[in-house]
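Below: the structure, in C-alpha cells.
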Amino acid sequence: MKVNVNISKETLGWIMANINFDALSSQIAGRLMSWYSGEKVPTFNQIEEASRATGIPLGYFFLNTPPKEDRTLLEYRTVDSLELEKPSRNLLDTIHDMEQIQEWARNQMVTDGFSELEFVGSMADANEVATFVSQIRRVLDLPRDWFTSFKTPADSFRFLRSKISDAGVIVMMNGIVGNNTHRPLEINEFRAFAIADEYAPLIFINTNDSINGKLFSLLHEFAHILIGKNNFFNDRYSAHGRVNQIETICNAAAAEVLVPSDLFVEKWNEVFSENDTKTTISALAKYFKCGITVIARKALDHGYITSQEYTQISQLAVYLYNEQRKKAKENPGGDYYRNAASRIDQRFFRMLAGSVAEGKTLYSDAFRLTNTNRTTFRELIQQAGGGF
C-alpha cells in the first residue's frame, strides 16, 4: 500500500533552492515542482528517490522547518566566486564527513592526554616567506633538496603526505562523496580545504585534481594549518593577483618548498642556455618533481617570462590534465581496497582501529567515519599491518 507523506512547504522550498535542477532527470524535477505547488503529494518511496537524486539527506524532507547547515568553512575560500554562493550537496556532505572525523579524533586525543600541536598557529604573525619556509622544513624535517630523492611528483606527494600526517595532521583524500561513484567532487568547485585545530588539524585533498595540483594543494593547506586559519582552496586557475595577503604567502611558501629559488635560478641558467623557454620549463618541472605551473610562476617572479606567457602555460596545464582525465574515464578500474585505503589518513586509521579493538569506539561508528563495512574495514586493518 502506498503511503503519502506531507512535506513542509517551507522545507521543500529550501530543498529546491539548494539543489541543481539541471542535473536532475525530468521526472524528479517534475515531481518536486508538483509537490511544491500542492498538485501532488509524494509517497515515501518517491521521497527516497528524490533524496538519492538530489543528494539532500532523507531526514531533511521530514523537517517542519528548513535545516540550518554550518557553511562557515566556505567563508575562507581562496578566491571569491559566485558559484560558491550555492555550494553543491557533494561538497557540503564531504565537509560534514570531514568535520565528523576531526571531531572524533580531537575527542580521542584529548581523552588520551595528548598535548596540543605546537606548530598549529605558530606562523599566525609571519609576514616573510623565508621564515615561513624555514618553519615548514623544520616541522616536516625536510632538507632543502628533499625532492631529489624521488622519481615522480606522485612519489613526492606520498612522501609529503606521510610527513604531514606523522607531524599530526589528518590528511584525507577522495574524488567522490564517500563510496558513491555517482557523486563526484568537481575540481572546478574546489581543490582542497583545511580545518585548523590544536589537536587534530585536517586537510582534505580533491583527488580529481592532477598529481601536481594535489602536491601544491597539500603544501598550501599545510601552510594554512601553520597560520592556524581554516582555508577553502578553490583557486583553479592560479589567480595569484586576486588573492589576499595570507593566500599570497601560502602560495609563495608552498612554491618555495617545492622549488627553492636559489636552486631554481641555478637550474634555469643551466638549461635555458641551450633551450627555449617552454623546453626549459618542462625540464625544470621534471627536475623538481612538480607541475609546469609552479615552474612558470617562479619564472614570472624572476622576470624570465611575461604575465601573458604565464597565463598561457597555466591554461595549457589545465587543458592537458583535462585531456588526461578523459582518457582515464575510458579505462576505469584499480584495486578497490587499495583505493579505499588511499583515501584515509593512515595515522588516523591506526588510532581508530586501535580504539575499536579496545572497545572504546563502536564498529558502527568506525564504519561511518571510514565509509566502510565490516569486510572492508577488516581488509584495511590487514593492509595496515593488523595487530591493533
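Simple scheme: letters A, B, ... for chains in C-alpha cells order, numbers from 1 for residues in each chain, numbers from 1 for ligands in the order shown.
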Using only C-alpha atoms, I'd like a table of the residues in range 67-167 of chain A that come within 12 Å of range 276-289 of chain A; for each, show the closest atom pair and its distance in Å rounded to one decimal, ordered by chain and ascending number, as JSON lines.
```
{"residue": "A:Arg144", "atom": "CA", "partner": "A:Phe288", "partner_atom": "CA", "distance": 11.4}
{"residue": "A:Asp145", "atom": "CA", "partner": "A:Phe288", "partner_atom": "CA", "distance": 8.8}
{"residue": "A:Trp146", "atom": "CA", "partner": "A:Phe288", "partner_atom": "CA", "distance": 9.5}
{"residue": "A:Phe147", "atom": "CA", "partner": "A:Phe288", "partner_atom": "CA", "distance": 6.3}
{"residue": "A:Thr148", "atom": "CA", "partner": "A:Phe288", "partner_atom": "CA", "distance": 7.2}
{"residue": "A:Ser149", "atom": "CA", "partner": "A:Lys289", "partner_atom": "CA", "distance": 10.0}
{"residue": "A:Phe150", "atom": "CA", "partner": "A:Lys289", "partner_atom": "CA", "distance": 7.6}
{"residue": "A:Lys151", "atom": "CA", "partner": "A:Lys289", "partner_atom": "CA", "distance": 7.2}
{"residue": "A:Thr152", "atom": "CA", "partner": "A:Lys289", "partner_atom": "CA", "distance": 5.5}
{"residue": "A:Pro153", "atom": "CA", "partner": "A:Lys289", "partner_atom": "CA", "distance": 4.6}
{"residue": "A:Ala154", "atom": "CA", "partner": "A:Lys289", "partner_atom": "CA", "distance": 8.4}
{"residue": "A:Asp155", "atom": "CA", "partner": "A:Lys289", "partner_atom": "CA", "distance": 8.6}
{"residue": "A:Ser156", "atom": "CA", "partner": "A:Lys289", "partner_atom": "CA", "distance": 7.0}
{"residue": "A:Phe157", "atom": "CA", "partner": "A:Lys289", "partner_atom": "CA", "distance": 9.4}
```
Near-Thr78 in chain A list (8 Å; only C-alpha atoms; drop same-chain fewer than 6 positions) as a count of residues only: 7
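Residue nearest Ser115 in chain A, chosen from A:Glu69, A:Glu198, A:Asp22, A:Glu48 and counting only C-alpha atoms: A:Glu198.
Taking only C-alpha atoms into account, Ser8 in chain A lies nearest to A:Thr65 out of the set A:Asn20, A:Asn179, A:Thr65, A:Asn206.
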Strand (DSSP E) positions in range 99-323 of chain A, given as a PyMOL selection string: chain A and resi 170-174+176-177+180-184+192-195+202-206+231-233
Filtered DSSP result for range 165-293 of chain A, state helix (DSSP H, G or I), as a PyMOL selection string: chain A and resi 165-167+211-227+240-242+245-258+261-272+277-288+292-293
Exercise: Pro87 in chain A partners within 12 Å, only C-alpha atoms, chain neighbours under 3 positions left out, as an MDAnalysis selection string: chainID A and resid 17:20 69 71:75 77 81:84 90:95 185:186 188:190 234
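Checking A:Phe216, A:Phe348, A:Leu263, A:Ile227 one by one against Val169 in chain A, counting only C-alpha atoms, you find the shortest gap at A:Phe348.
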Gap from CA of Asn174 in chain A to CA of Gln312 in chain A - Å, one decimal: 29.1 Å
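Distance annotation: of A:Gly354, A:Gly359, A:Pro66, A:Pro42, the residue with the minimal separation from Thr11 in chain A is A:Pro66; atom set is only C-alpha atoms.
When the distance limit is 8 Å and only C-alpha atoms are what count, the residues near Phe204 in chain A, minus those fewer than 3 positions from it on the same chain, are Met98, Val171, Met172, Met173, Asn174, Ala192, Phe193 and Ala194 of chain A.
For the set A:Leu362, A:Val318, A:Ile7, A:Val110, the residue with the smallest atom-to-atom gap to Ile47 in chain A is A:Ile7, counting only C-alpha atoms.
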